[in-house]
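Here's the structure we're looking at; comments come further down.
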Amino acid sequence: MKKKIGILTGGGDCPGLNPAIRGCVYAAEKRGYECVGLLDGWKGLVEGLTTPLNKDITEYIVMKGGTMLGTSRTNPFKREENVGKCLETFKKLGLHALVAMGGDDTLGVATRLYRDHKLNVVGVPKTMDNDLNVTDYTFGFDTSVTHAMEAAQSLIDTGNSHHRIMVLEVMGRHAGWVALYTAIASAADFVCIPERKIDTAEMLRKLKESYARKRFALVVTSEAAELPEAGEGVSKRDVDQFGHAILKDRGMGERISQFIEKQTGIETRFAVIGHMQRGGAPTLFDRMLATRVGMKAAELVHAGQFGMMSALVGNQIVGVPLEKATGELKTVSKEWFDTMEVLF
Ligand code: F6P
C-alpha cells in the first residue's frame, strides 16, 4: 500500500498556494506516495474534512490564485480537545505525514504538533506579508506587492491630474515589507511602516516640498503604521484565534489622509486596496518559488526530515527547522532605514 501525505493550507490565502500544492503532489507521486487534501486549514484536520488530490486534479492550478483546499484561521490549540481530534484524524486517514502550508500561525501549530505530539509534519512557508524568518522570501509577497504597485501607479495618474496628495493603504500586518516595496517600486514620496516611528514634521515638510515641485504627492502606508497625531481610529480591535489584532477597521489610510490635508491645506484622498492584494493569478516568481518549496516538502517527507520547513536561502531551496521559522517575525530591519532616507 502507498504511503499517504495529507496537505493543508492555513491562515490568509495568497497567490502561490495552488502551485505549491501542485509541486508537492507531483513530487510525492513521483516518489510513490499518494496525497489527500485537508479542507480549510487546521479545521480540516480537526473535523476530518478531505478532498482527493492527484496529478490530474492539480495539473492546471499552477496559474490560479487562492487555494483549492480552502483555508481558515482555525487554531486547534485554542481548545485542547481539538488537538486530540487532529491526532485522531491523522490516524484515521492513515497518514504517513502532513504538509502544512502557512505563515507564522499555521506553522506555529505545525511546530507544536511535531514537538509535543511527535506528529510527522513538514512545513511550507507562505504569506503575502513576507514576515517569516529563515526563508529569504515567501511566495504570495511578489504578487501582492505587484498588485499594490499597480494600484499606486493608478493613484499617481489621478493624483497628478487633480493635483492632490494621494494615500495608499496596504496590508502586511505587523511587518512593513509590503508598504516599503510598494513605495520603492512606485516612486512614492513617503512611506509609513510599523517598524519606524513616523517623523511627522519631516513627512509634512517632504510632502509640501514634493507638492510644490510637481503639484502632486504619493504616500504609501502600512495598515499597522502608527501616527498618534492622526487619532487612534476605530476602537474595534478584534483579535483572531491566534491573538492577532484584525487591522482592517483601523483606517490608517483614511486617518493619515485627513491629517495630511488638515496640516498642509492640500486636497488629499486615500485608497485601501485590502484583499485585492491577495487575489489573482500568481506572478512568475511566485509560481516558481511556490512550486519549488512545495516539491521540497515532499522530499523532506521522503527523507524522514519531520519538524522541518522548506525555505529559500539565496537561490537554493533547503530544509530548515520549523522552530527557527516561527516564534519571531521578520520585520523591516534597520539597514532598510538608510535606503528609506535616500529614497523618501
Ligand atoms: O497575514 C496576511 C494578511 O493579509 C495581513 O496582511 C492582513 O492584516 C490580514 O491577513 C487580513 O486578514 P483577513 O483576511 O482575515 O481579514
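Simple scheme: letters A, B, ... for chains in C-alpha cells order, numbers from 1 for residues in each chain, numbers from 1 for ligands in the order shown.
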Distance filter 9 Å around ligand 1, atoms: only C-alpha atoms and all ligand atoms, out as a PDB file with N, CA and C atoms, in the first residue's frame:
ATOM      1  N   GLY A  11      -4.397  29.878   7.419  1.00  0.00           N
ATOM      2  CA  GLY A  11      -4.169  31.329   7.531  1.00  0.00           C
ATOM      3  C   GLY A  11      -4.699  32.057   6.314  1.00  0.00           C
ATOM      4  N   GLY A  12      -4.293  33.315   6.148  1.00  0.00           N
ATOM      5  CA  GLY A  12      -4.760  34.084   4.995  1.00  0.00           C
ATOM      6  C   GLY A  12      -4.277  33.438   3.702  1.00  0.00           C
ATOM      7  N   ASP A  13      -5.145  33.381   2.699  1.00  0.00           N
ATOM      8  CA  ASP A  13      -4.704  32.788   1.429  1.00  0.00           C
ATOM      9  C   ASP A  13      -3.696  33.733   0.768  1.00  0.00           C
ATOM     10  N   CYS A  14      -3.012  33.240  -0.224  1.00  0.00           N
ATOM     11  CA  CYS A  14      -2.159  34.136  -1.020  1.00  0.00           C
ATOM     12  C   CYS A  14      -1.843  33.442  -2.337  1.00  0.00           C
ATOM     13  N   SER A  72      -8.584  28.641   6.628  1.00  0.00           N
ATOM     14  CA  SER A  72      -9.261  29.287   7.766  1.00  0.00           C
ATOM     15  C   SER A  72      -8.186  29.668   8.764  1.00  0.00           C
ATOM     16  N   ARG A  73      -8.577  30.469   9.734  1.00  0.00           N
ATOM     17  CA  ARG A  73      -7.612  30.839  10.780  1.00  0.00           C
ATOM     18  C   ARG A  73      -7.854  30.006  12.042  1.00  0.00           C
ATOM     19  N   GLY A 103       1.677  30.596   7.193  1.00  0.00           N
ATOM     20  CA  GLY A 103       2.573  31.601   7.749  1.00  0.00           C
ATOM     21  C   GLY A 103       2.910  31.251   9.184  1.00  0.00           C
ATOM     22  N   ASP A 104       3.257  32.266   9.936  1.00  0.00           N
ATOM     23  CA  ASP A 104       3.706  32.089  11.308  1.00  0.00           C
ATOM     24  C   ASP A 104       2.700  31.298  12.167  1.00  0.00           C
ATOM     25  N   THR A 127       3.179  33.585   2.788  1.00  0.00           N
ATOM     26  CA  THR A 127       2.455  34.745   3.309  1.00  0.00           C
ATOM     27  C   THR A 127       2.762  35.974   2.477  1.00  0.00           C
ATOM     28  N   MET A 128       1.697  36.702   2.170  1.00  0.00           N
ATOM     29  CA  MET A 128       1.897  37.948   1.414  1.00  0.00           C
ATOM     30  C   MET A 128       2.682  38.963   2.248  1.00  0.00           C
ATOM     31  N   ASP A 129       2.738  38.762   3.572  1.00  0.00           N
ATOM     32  CA  ASP A 129       3.421  39.726   4.450  1.00  0.00           C
ATOM     33  C   ASP A 129       4.948  39.594   4.379  1.00  0.00           C
ATOM     34  N   ASN A 130       5.432  38.460   3.907  1.00  0.00           N
ATOM     35  CA  ASN A 130       6.877  38.174   3.801  1.00  0.00           C
ATOM     36  C   ASN A 130       7.584  38.284   5.159  1.00  0.00           C
ATOM     37  N   ASP A 131       6.901  37.934   6.227  1.00  0.00           N
ATOM     38  CA  ASP A 131       7.468  38.174   7.556  1.00  0.00           C
ATOM     39  C   ASP A 131       7.946  36.905   8.258  1.00  0.00           C
ATOM     40  N   VAL A 170      -1.876  49.748   2.419  1.00  0.00           N
ATOM     41  CA  VAL A 170      -1.667  48.352   2.030  1.00  0.00           C
ATOM     42  C   VAL A 170      -1.624  47.459   3.269  1.00  0.00           C
ATOM     43  N   MET A 171      -1.764  46.153   3.030  1.00  0.00           N
ATOM     44  CA  MET A 171      -1.730  45.182   4.126  1.00  0.00           C
ATOM     45  C   MET A 171      -0.279  44.878   4.517  1.00  0.00           C
ATOM     46  N   GLY A 172      -0.111  43.822   5.278  1.00  0.00           N
ATOM     47  CA  GLY A 172       1.228  43.418   5.705  1.00  0.00           C
ATOM     48  C   GLY A 172       1.298  43.140   7.188  1.00  0.00           C
ATOM     49  N   ARG A 173       0.185  43.414   7.848  1.00  0.00           N
ATOM     50  CA  ARG A 173       0.072  43.208   9.289  1.00  0.00           C
ATOM     51  C   ARG A 173       1.192  43.927  10.041  1.00  0.00           C
ATOM     52  N   HIS A 174       1.955  43.235  10.896  1.00  0.00           N
ATOM     53  CA  HIS A 174       2.933  43.948  11.726  1.00  0.00           C
ATOM     54  C   HIS A 174       4.283  44.142  11.040  1.00  0.00           C
ATOM     55  N   ALA A 175       4.367  43.736   9.795  1.00  0.00           N
ATOM     56  CA  ALA A 175       5.607  43.922   9.039  1.00  0.00           C
ATOM     57  C   ALA A 175       5.358  44.928   7.908  1.00  0.00           C
ATOM     58  N   VAL A 178       5.398  45.014   2.653  1.00  0.00           N
ATOM     59  CA  VAL A 178       4.518  45.301   1.509  1.00  0.00           C
ATOM     60  C   VAL A 178       4.511  46.804   1.235  1.00  0.00           C
ATOM     61  N   GLU A 223      -1.008  49.179   6.887  1.00  0.00           N
ATOM     62  CA  GLU A 223      -2.218  49.193   7.725  1.00  0.00           C
ATOM     63  C   GLU A 223      -1.882  49.296   9.216  1.00  0.00           C
ATOM     64  N   ALA A 224      -0.672  48.907   9.587  1.00  0.00           N
ATOM     65  CA  ALA A 224      -0.313  48.858  11.011  1.00  0.00           C
ATOM     66  C   ALA A 224       0.600  50.001  11.448  1.00  0.00           C
ATOM     67  N   ASP A 240      -8.005  37.626  16.243  1.00  0.00           N
ATOM     68  CA  ASP A 240      -8.365  36.331  15.672  1.00  0.00           C
ATOM     69  C   ASP A 240      -7.963  35.206  16.636  1.00  0.00           C
ATOM     70  N   HIS A 244      -4.067  37.785  17.064  1.00  0.00           N
ATOM     71  CA  HIS A 244      -3.624  38.937  16.276  1.00  0.00           C
ATOM     72  C   HIS A 244      -4.745  39.947  16.122  1.00  0.00           C
ATOM     73  N   ALA A 245      -4.397  41.224  16.238  1.00  0.00           N
ATOM     74  CA  ALA A 245      -5.393  42.271  16.009  1.00  0.00           C
ATOM     75  C   ALA A 245      -5.855  42.206  14.561  1.00  0.00           C
ATOM     76  N   ILE A 246      -7.157  42.336  14.346  1.00  0.00           N
ATOM     77  CA  ILE A 246      -7.666  42.415  12.973  1.00  0.00           C
ATOM     78  C   ILE A 246      -7.603  43.887  12.581  1.00  0.00           C
ATOM     79  N   LEU A 247      -6.747  44.193  11.611  1.00  0.00           N
ATOM     80  CA  LEU A 247      -6.394  45.592  11.352  1.00  0.00           C
ATOM     81  C   LEU A 247      -7.289  46.291  10.332  1.00  0.00           C
ATOM     82  N   LYS A 248      -8.195  45.523   9.731  1.00  0.00           N
ATOM     83  CA  LYS A 248      -8.929  46.095   8.603  1.00  0.00           C
ATOM     84  C   LYS A 248      -9.785  47.316   8.966  1.00  0.00           C
ATOM     85  N   GLY A 274      -6.914  46.600   0.256  1.00  0.00           N
ATOM     86  CA  GLY A 274      -7.367  45.443   1.037  1.00  0.00           C
ATOM     87  C   GLY A 274      -7.104  44.099   0.390  1.00  0.00           C
ATOM     88  N   HIS A 275      -8.138  43.272   0.343  1.00  0.00           N
ATOM     89  CA  HIS A 275      -7.943  41.887  -0.098  1.00  0.00           C
ATOM     90  C   HIS A 275      -7.680  41.734  -1.594  1.00  0.00           C
ATOM     91  N   GLN A 277      -5.186  42.732  -2.927  1.00  0.00           N
ATOM     92  CA  GLN A 277      -3.755  42.372  -2.963  1.00  0.00           C
ATOM     93  C   GLN A 277      -3.540  40.875  -2.914  1.00  0.00           C
ATOM     94  N   ARG A 278      -4.477  40.163  -2.296  1.00  0.00           N
ATOM     95  CA  ARG A 278      -4.249  38.741  -2.026  1.00  0.00           C
ATOM     96  C   ARG A 278      -4.807  37.819  -3.098  1.00  0.00           C
TER      97      ARG A 278
END
What's around Gly70 (chain A) at 7 Å? Count only C-alpha atoms, leave out sequence neighbours fewer than 4 positions away in its own chain, and write the answer as a short mmCIF file (atom, residue, chain, number, x, y, z; two decimals) with N, CA and C atoms, in the first residue's frame.
data_model
loop_
_atom_site.label_atom_id
_atom_site.label_comp_id
_atom_site.auth_asym_id
_atom_site.auth_seq_id
_atom_site.Cartn_x
_atom_site.Cartn_y
_atom_site.Cartn_z
N THR A 9 -3.71 23.98 3.76
CA THR A 9 -3.28 25.39 3.66
C THR A 9 -4.02 26.18 4.73
N LEU A 39 -9.36 20.09 4.06
CA LEU A 39 -10.03 21.35 3.71
C LEU A 39 -9.97 22.40 4.81
N ASP A 40 -9.85 23.65 4.38
CA ASP A 40 -9.96 24.80 5.30
C ASP A 40 -8.96 24.79 6.45
N GLY A 41 -7.74 24.57 6.14
CA GLY A 41 -6.67 24.67 7.15
C GLY A 41 -6.79 23.62 8.23
#
Item to complete: Excluding Gly32 (chain A) and residues on its chain fewer than 6 positions from it, collect all residues at most 12 Å away from it, counting only C-alpha atoms, and give them as a list in words.
Response: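 Listed by chain and then number, they are Met1, Lys2, Lys3, Lys4, Ile5, Val25, Tyr26, Asn54, Ala298, Glu299, Val301 and His302 of chain A.
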Take the residues from that selection and write them out as a PDB file, in the first residue's frame, keeping N, CA, C and O atoms.
ATOM      1  N   MET A   1       0.830  -1.205   0.000  1.00  0.00           N
ATOM      2  CA  MET A   1       0.000   0.000   0.000  1.00  0.00           C
ATOM      3  C   MET A   1       0.869   1.262   0.000  1.00  0.00           C
ATOM      4  O   MET A   1       1.888   1.311   0.671  1.00  0.00           O
ATOM      5  N   LYS A   2       0.408   2.269  -0.761  1.00  0.00           N
ATOM      6  CA  LYS A   2       1.188   3.516  -0.836  1.00  0.00           C
ATOM      7  C   LYS A   2       1.076   4.307   0.455  1.00  0.00           C
ATOM      8  O   LYS A   2       0.014   4.342   1.083  1.00  0.00           O
ATOM      9  N   LYS A   3       2.159   4.973   0.834  1.00  0.00           N
ATOM     10  CA  LYS A   3       2.110   5.862   1.996  1.00  0.00           C
ATOM     11  C   LYS A   3       1.350   7.132   1.593  1.00  0.00           C
ATOM     12  O   LYS A   3       1.459   7.587   0.445  1.00  0.00           O
ATOM     13  N   LYS A   4       0.642   7.685   2.570  1.00  0.00           N
ATOM     14  CA  LYS A   4      -0.224   8.823   2.237  1.00  0.00           C
ATOM     15  C   LYS A   4       0.255  10.111   2.915  1.00  0.00           C
ATOM     16  O   LYS A   4       0.571  10.112   4.103  1.00  0.00           O
ATOM     17  N   ILE A   5       0.231  11.206   2.131  1.00  0.00           N
ATOM     18  CA  ILE A   5       0.590  12.529   2.668  1.00  0.00           C
ATOM     19  C   ILE A   5      -0.654  13.413   2.659  1.00  0.00           C
ATOM     20  O   ILE A   5      -1.324  13.550   1.628  1.00  0.00           O
ATOM     21  N   VAL A  25       2.309  17.596  -4.678  1.00  0.00           N
ATOM     22  CA  VAL A  25       1.642  16.388  -5.183  1.00  0.00           C
ATOM     23  C   VAL A  25       2.507  15.694  -6.244  1.00  0.00           C
ATOM     24  O   VAL A  25       2.709  14.472  -6.206  1.00  0.00           O
ATOM     25  N   TYR A  26       3.045  16.487  -7.176  1.00  0.00           N
ATOM     26  CA  TYR A  26       3.866  15.897  -8.244  1.00  0.00           C
ATOM     27  C   TYR A  26       5.089  15.184  -7.661  1.00  0.00           C
ATOM     28  O   TYR A  26       5.420  14.061  -8.032  1.00  0.00           O
ATOM     29  N   ASN A  54      -4.477  14.628  -6.724  1.00  0.00           N
ATOM     30  CA  ASN A  54      -3.527  13.863  -7.524  1.00  0.00           C
ATOM     31  C   ASN A  54      -3.047  14.740  -8.679  1.00  0.00           C
ATOM     32  O   ASN A  54      -3.463  15.905  -8.788  1.00  0.00           O
ATOM     33  N   ALA A 298       7.765  17.510  -0.138  1.00  0.00           N
ATOM     34  CA  ALA A 298       7.611  16.069  -0.380  1.00  0.00           C
ATOM     35  C   ALA A 298       8.954  15.357  -0.209  1.00  0.00           C
ATOM     36  O   ALA A 298       9.031  14.245   0.322  1.00  0.00           O
ATOM     37  N   GLU A 299      10.007  16.029  -0.644  1.00  0.00           N
ATOM     38  CA  GLU A 299      11.368  15.460  -0.476  1.00  0.00           C
ATOM     39  C   GLU A 299      11.711  15.287   0.995  1.00  0.00           C
ATOM     40  O   GLU A 299      12.291  14.282   1.397  1.00  0.00           O
ATOM     41  N   VAL A 301       9.641  14.907   3.440  1.00  0.00           N
ATOM     42  CA  VAL A 301       8.846  13.786   3.962  1.00  0.00           C
ATOM     43  C   VAL A 301       9.547  12.480   3.612  1.00  0.00           C
ATOM     44  O   VAL A 301       9.745  11.608   4.466  1.00  0.00           O
ATOM     45  N   HIS A 302       9.945  12.362   2.360  1.00  0.00           N
ATOM     46  CA  HIS A 302      10.578  11.121   1.896  1.00  0.00           C
ATOM     47  C   HIS A 302      11.868  10.836   2.662  1.00  0.00           C
ATOM     48  O   HIS A 302      12.197   9.677   2.943  1.00  0.00           O
TER      49      HIS A 302
END
Please report, as a compact mmCIF listing (two decimals) with N, CA, C and O atoms, in the first residue's frame, each residue of region 131-321 of chain A to which DSSP assigns strand (DSSP E or B) when run on this structure's backbone.
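Output saved as selection_18.txt:
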# COMPACT_ATOMS: atom_id res chain seq x y z
N PHE A 139 6.33 32.95 -0.86
CA PHE A 139 5.51 33.20 -2.06
C PHE A 139 4.22 33.90 -1.62
O PHE A 139 3.79 33.79 -0.48
N ILE A 165 -2.73 65.17 -3.04
CA ILE A 165 -1.88 64.18 -2.37
C ILE A 165 -2.70 62.90 -2.29
O ILE A 165 -3.88 62.95 -1.92
N MET A 166 -2.11 61.78 -2.65
CA MET A 166 -2.82 60.50 -2.61
C MET A 166 -2.17 59.60 -1.57
O MET A 166 -0.94 59.54 -1.47
N VAL A 167 -3.02 58.91 -0.81
CA VAL A 167 -2.50 57.99 0.21
C VAL A 167 -3.01 56.59 -0.11
O VAL A 167 -4.21 56.38 -0.30
N LEU A 168 -2.11 55.64 -0.18
CA LEU A 168 -2.49 54.25 -0.43
C LEU A 168 -2.21 53.42 0.82
O LEU A 168 -1.08 53.39 1.31
N GLU A 169 -3.24 52.75 1.32
CA GLU A 169 -3.04 51.85 2.47
C GLU A 169 -2.92 50.42 1.98
O GLU A 169 -3.76 49.94 1.23
N VAL A 170 -1.88 49.75 2.42
CA VAL A 170 -1.67 48.35 2.03
C VAL A 170 -1.62 47.46 3.27
O VAL A 170 -1.43 47.93 4.38
N PHE A 190 6.58 59.31 0.28
CA PHE A 190 6.76 59.00 1.69
C PHE A 190 6.16 57.62 1.97
O PHE A 190 5.18 57.22 1.34
N VAL A 191 6.78 56.91 2.91
CA VAL A 191 6.24 55.60 3.28
C VAL A 191 6.13 55.51 4.81
O VAL A 191 7.00 56.00 5.53
N CYS A 192 5.03 54.92 5.27
CA CYS A 192 4.82 54.75 6.72
C CYS A 192 4.76 53.25 7.02
O CYS A 192 3.91 52.54 6.48
N ALA A 217 1.58 64.38 -4.81
CA ALA A 217 2.48 63.54 -3.99
C ALA A 217 1.78 62.23 -3.65
O ALA A 217 0.54 62.17 -3.59
N LEU A 218 2.59 61.20 -3.43
CA LEU A 218 2.03 59.88 -3.09
C LEU A 218 2.63 59.39 -1.77
O LEU A 218 3.85 59.42 -1.59
N VAL A 219 1.74 58.94 -0.89
CA VAL A 219 2.17 58.34 0.37
C VAL A 219 1.69 56.90 0.37
O VAL A 219 0.53 56.63 0.04
N VAL A 220 2.55 55.96 0.74
CA VAL A 220 2.11 54.57 0.93
C VAL A 220 2.20 54.28 2.42
O VAL A 220 3.24 54.52 3.04
N THR A 221 1.10 53.79 2.99
CA THR A 221 1.15 53.45 4.40
C THR A 221 0.75 52.00 4.64
O THR A 221 -0.15 51.47 3.99
N SER A 222 1.44 51.42 5.57
CA SER A 222 1.07 50.07 6.01
C SER A 222 -0.16 50.20 6.91
O SER A 222 -0.33 51.20 7.61
N VAL A 239 -9.55 40.44 17.87
CA VAL A 239 -8.39 39.59 17.62
C VAL A 239 -8.86 38.25 17.04
O VAL A 239 -9.97 37.81 17.30
N ALA A 245 -4.40 41.22 16.24
CA ALA A 245 -5.39 42.27 16.01
C ALA A 245 -5.86 42.21 14.56
O ALA A 245 -5.03 42.00 13.66
N THR A 268 -6.45 66.04 -0.26
CA THR A 268 -5.84 64.70 -0.13
C THR A 268 -6.91 63.63 -0.20
O THR A 268 -8.00 63.79 0.34
N ARG A 269 -6.60 62.54 -0.88
CA ARG A 269 -7.54 61.41 -0.99
C ARG A 269 -6.80 60.13 -0.58
O ARG A 269 -5.58 60.04 -0.73
N PHE A 270 -7.57 59.13 -0.15
CA PHE A 270 -6.92 57.87 0.21
C PHE A 270 -7.62 56.70 -0.50
O PHE A 270 -8.77 56.81 -0.92
N ALA A 271 -6.92 55.58 -0.61
CA ALA A 271 -7.50 54.36 -1.16
C ALA A 271 -6.94 53.17 -0.38
O ALA A 271 -5.78 53.17 0.04
N VAL A 272 -7.82 52.19 -0.16
CA VAL A 272 -7.41 50.98 0.57
C VAL A 272 -7.63 49.81 -0.37
O VAL A 272 -8.77 49.56 -0.78
N MET A 308 10.62 19.96 9.91
CA MET A 308 11.39 20.85 9.05
C MET A 308 10.46 21.64 8.13
O MET A 308 9.29 21.30 7.96
N MET A 309 11.03 22.67 7.54
CA MET A 309 10.27 23.50 6.60
C MET A 309 11.15 23.74 5.38
O MET A 309 12.37 23.85 5.51
N SER A 310 10.54 23.80 4.20
CA SER A 310 11.34 24.15 3.03
C SER A 310 11.50 25.66 3.00
O SER A 310 10.58 26.39 3.36
N ALA A 311 12.68 26.12 2.59
CA ALA A 311 12.94 27.56 2.63
C ALA A 311 13.82 27.97 1.46
O ALA A 311 14.60 27.17 0.94
N LEU A 312 13.67 29.24 1.07
CA LEU A 312 14.55 29.80 0.04
C LEU A 312 15.71 30.50 0.73
O LEU A 312 15.51 31.46 1.48
N VAL A 313 16.90 29.98 0.50
CA VAL A 313 18.09 30.62 1.08
C VAL A 313 19.04 30.89 -0.09
O VAL A 313 19.56 29.96 -0.69
N GLN A 316 18.87 28.70 -3.35
CA GLN A 316 18.63 27.27 -3.10
C GLN A 316 17.38 27.06 -2.25
O GLN A 316 17.07 27.87 -1.39
N ILE A 317 16.72 25.93 -2.48
CA ILE A 317 15.61 25.55 -1.60
C ILE A 317 16.18 24.49 -0.65
O ILE A 317 16.67 23.44 -1.09
N VAL A 318 16.13 24.80 0.63
CA VAL A 318 16.73 23.91 1.62
C VAL A 318 15.72 23.60 2.73
O VAL A 318 14.69 24.27 2.86
N GLY A 319 16.06 22.61 3.54
CA GLY A 319 15.23 22.29 4.70
C GLY A 319 15.77 23.02 5.92
O GLY A 319 16.99 23.04 6.15
N VAL A 320 14.90 23.65 6.70
CA VAL A 320 15.32 24.34 7.94
C VAL A 320 14.37 23.92 9.05
O VAL A 320 13.21 23.59 8.77
N PRO A 321 14.82 23.93 10.30
CA PRO A 321 13.91 23.55 11.38
C PRO A 321 12.72 24.51 11.48
O PRO A 321 12.91 25.72 11.45
Worksheet entry | Surrounding residues of Ile184 (chain A) excluding itself and chain neighbours under 3 positions, 10 Å, only C-alpha atoms, as a ChimeraX atom specification | /A:149,179-181,187-191,220,339-340,343-344
Restricting it to C-alpha atoms, dump the selection as a short mmCIF file (atom, residue, chain, number, x, y, z; two decimals), in the first residue's frame.
data_model
loop_
_atom_site.label_atom_id
_atom_site.label_comp_id
_atom_site.auth_asym_id
_atom_site.auth_seq_id
_atom_site.Cartn_x
_atom_site.Cartn_y
_atom_site.Cartn_z
CA MET A 149 2.36 48.75 -7.02
CA ALA A 179 4.37 49.06 2.11
CA LEU A 180 8.12 49.50 1.71
CA TYR A 181 8.44 47.56 -1.54
CA ALA A 187 8.37 56.20 -6.61
CA ALA A 188 6.26 57.26 -3.62
CA ASP A 189 7.19 60.44 -1.78
CA PHE A 190 6.76 59.00 1.69
CA VAL A 191 6.24 55.60 3.28
CA VAL A 220 2.11 54.57 0.93
CA THR A 339 17.52 53.09 1.94
CA MET A 340 14.41 54.94 3.07
CA LEU A 343 14.51 57.35 -1.49
CA PHE A 344 11.86 59.15 0.54
#
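The coordinates place CA of Thr71 (chain A) at 14.7 Å from CA of Gly140 (chain A).
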Discussion item. What parts of region 15-212 of chain A does DSSP call helix (DSSP H, G or I)? I'd like the answer as a ChimeraX atom specification.
Written reply: /A:17-30,42-47,55-58,61-63,76-78,80-92,104-117,141-162,177-185,200-212
Quick one: everything within 10 Å of region 94-98 of chain A, counting only C-alpha atoms, minus sequence neighbours fewer than 3 positions away in the same chain. Send it as a PDB file with C-alpha atoms, in the first residue's frame.
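The new file out_18.pdb reads:
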ATOM      1  CA  LYS A   2       1.188   3.516  -0.836  1.00  0.00           C
ATOM      2  CA  LYS A   3       2.110   5.862   1.996  1.00  0.00           C
ATOM      3  CA  LYS A   4      -0.224   8.823   2.237  1.00  0.00           C
ATOM      4  CA  ILE A   5       0.590  12.529   2.668  1.00  0.00           C
ATOM      5  CA  GLY A   6      -2.067  14.981   3.853  1.00  0.00           C
ATOM      6  CA  ILE A   7      -1.765  18.559   2.636  1.00  0.00           C
ATOM      7  CA  LEU A   8      -3.426  21.617   4.166  1.00  0.00           C
ATOM      8  CA  TYR A  33       3.237   8.400  -2.290  1.00  0.00           C
ATOM      9  CA  GLU A  34      -0.419   9.291  -2.627  1.00  0.00           C
ATOM     10  CA  CYS A  35      -1.850  12.591  -1.402  1.00  0.00           C
ATOM     11  CA  VAL A  36      -5.068  13.767   0.161  1.00  0.00           C
ATOM     12  CA  GLY A  37      -6.189  17.364   0.736  1.00  0.00           C
ATOM     13  CA  LEU A  38      -7.471  18.586   4.095  1.00  0.00           C
ATOM     14  CA  LEU A  45      -7.696  18.075  10.347  1.00  0.00           C
ATOM     15  CA  GLU A  88      -7.262  11.069  15.610  1.00  0.00           C
ATOM     16  CA  THR A  89      -7.901  12.283  12.050  1.00  0.00           C
ATOM     17  CA  PHE A  90      -4.254  11.790  11.173  1.00  0.00           C
ATOM     18  CA  LYS A  91      -4.555   8.186  12.326  1.00  0.00           C
ATOM     19  CA  MET A 101       1.413  25.351   4.166  1.00  0.00           C
ATOM     20  CA  ALA A 110       2.801  22.539  12.955  1.00  0.00           C
ATOM     21  CA  LEU A 119       3.410  14.121  14.514  1.00  0.00           C
ATOM     22  CA  ASN A 120       5.202  13.711  11.176  1.00  0.00           C
ATOM     23  CA  VAL A 121       4.837  17.289   9.978  1.00  0.00           C
ATOM     24  CA  VAL A 122       6.679  19.290   7.332  1.00  0.00           C
ATOM     25  CA  GLY A 123       6.051  22.999   6.696  1.00  0.00           C
ATOM     26  CA  ALA A 297       8.274  19.456   1.235  1.00  0.00           C
ATOM     27  CA  ALA A 298       7.611  16.069  -0.380  1.00  0.00           C
ATOM     28  CA  VAL A 301       8.846  13.786   3.962  1.00  0.00           C
ATOM     29  CA  HIS A 302      10.578  11.121   1.896  1.00  0.00           C
ATOM     30  CA  GLY A 304      12.017  11.450   7.079  1.00  0.00           C
ATOM     31  CA  PHE A 306       9.998  15.923  10.032  1.00  0.00           C
TER      32      PHE A 306
END
Discussion item. Need the shell around region 259-264 of chain A: protein/DNA/RNA residues with any atom at most 8 Å away, counting only C-alpha atoms. Skip same-chain ones fewer than 6 positions apart. Format as a list in words?
Written reply: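 Everything that qualifies: Leu204, Lys208, Glu229 and Ala230 of chain A.
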Worksheet, complete the sentence: Nearest to Thr331 (chain A), restricted to only C-alpha atoms and choosing among A:Leu155, A:Leu300, A:Ala212, A:Leu132, comes out as A:Leu132
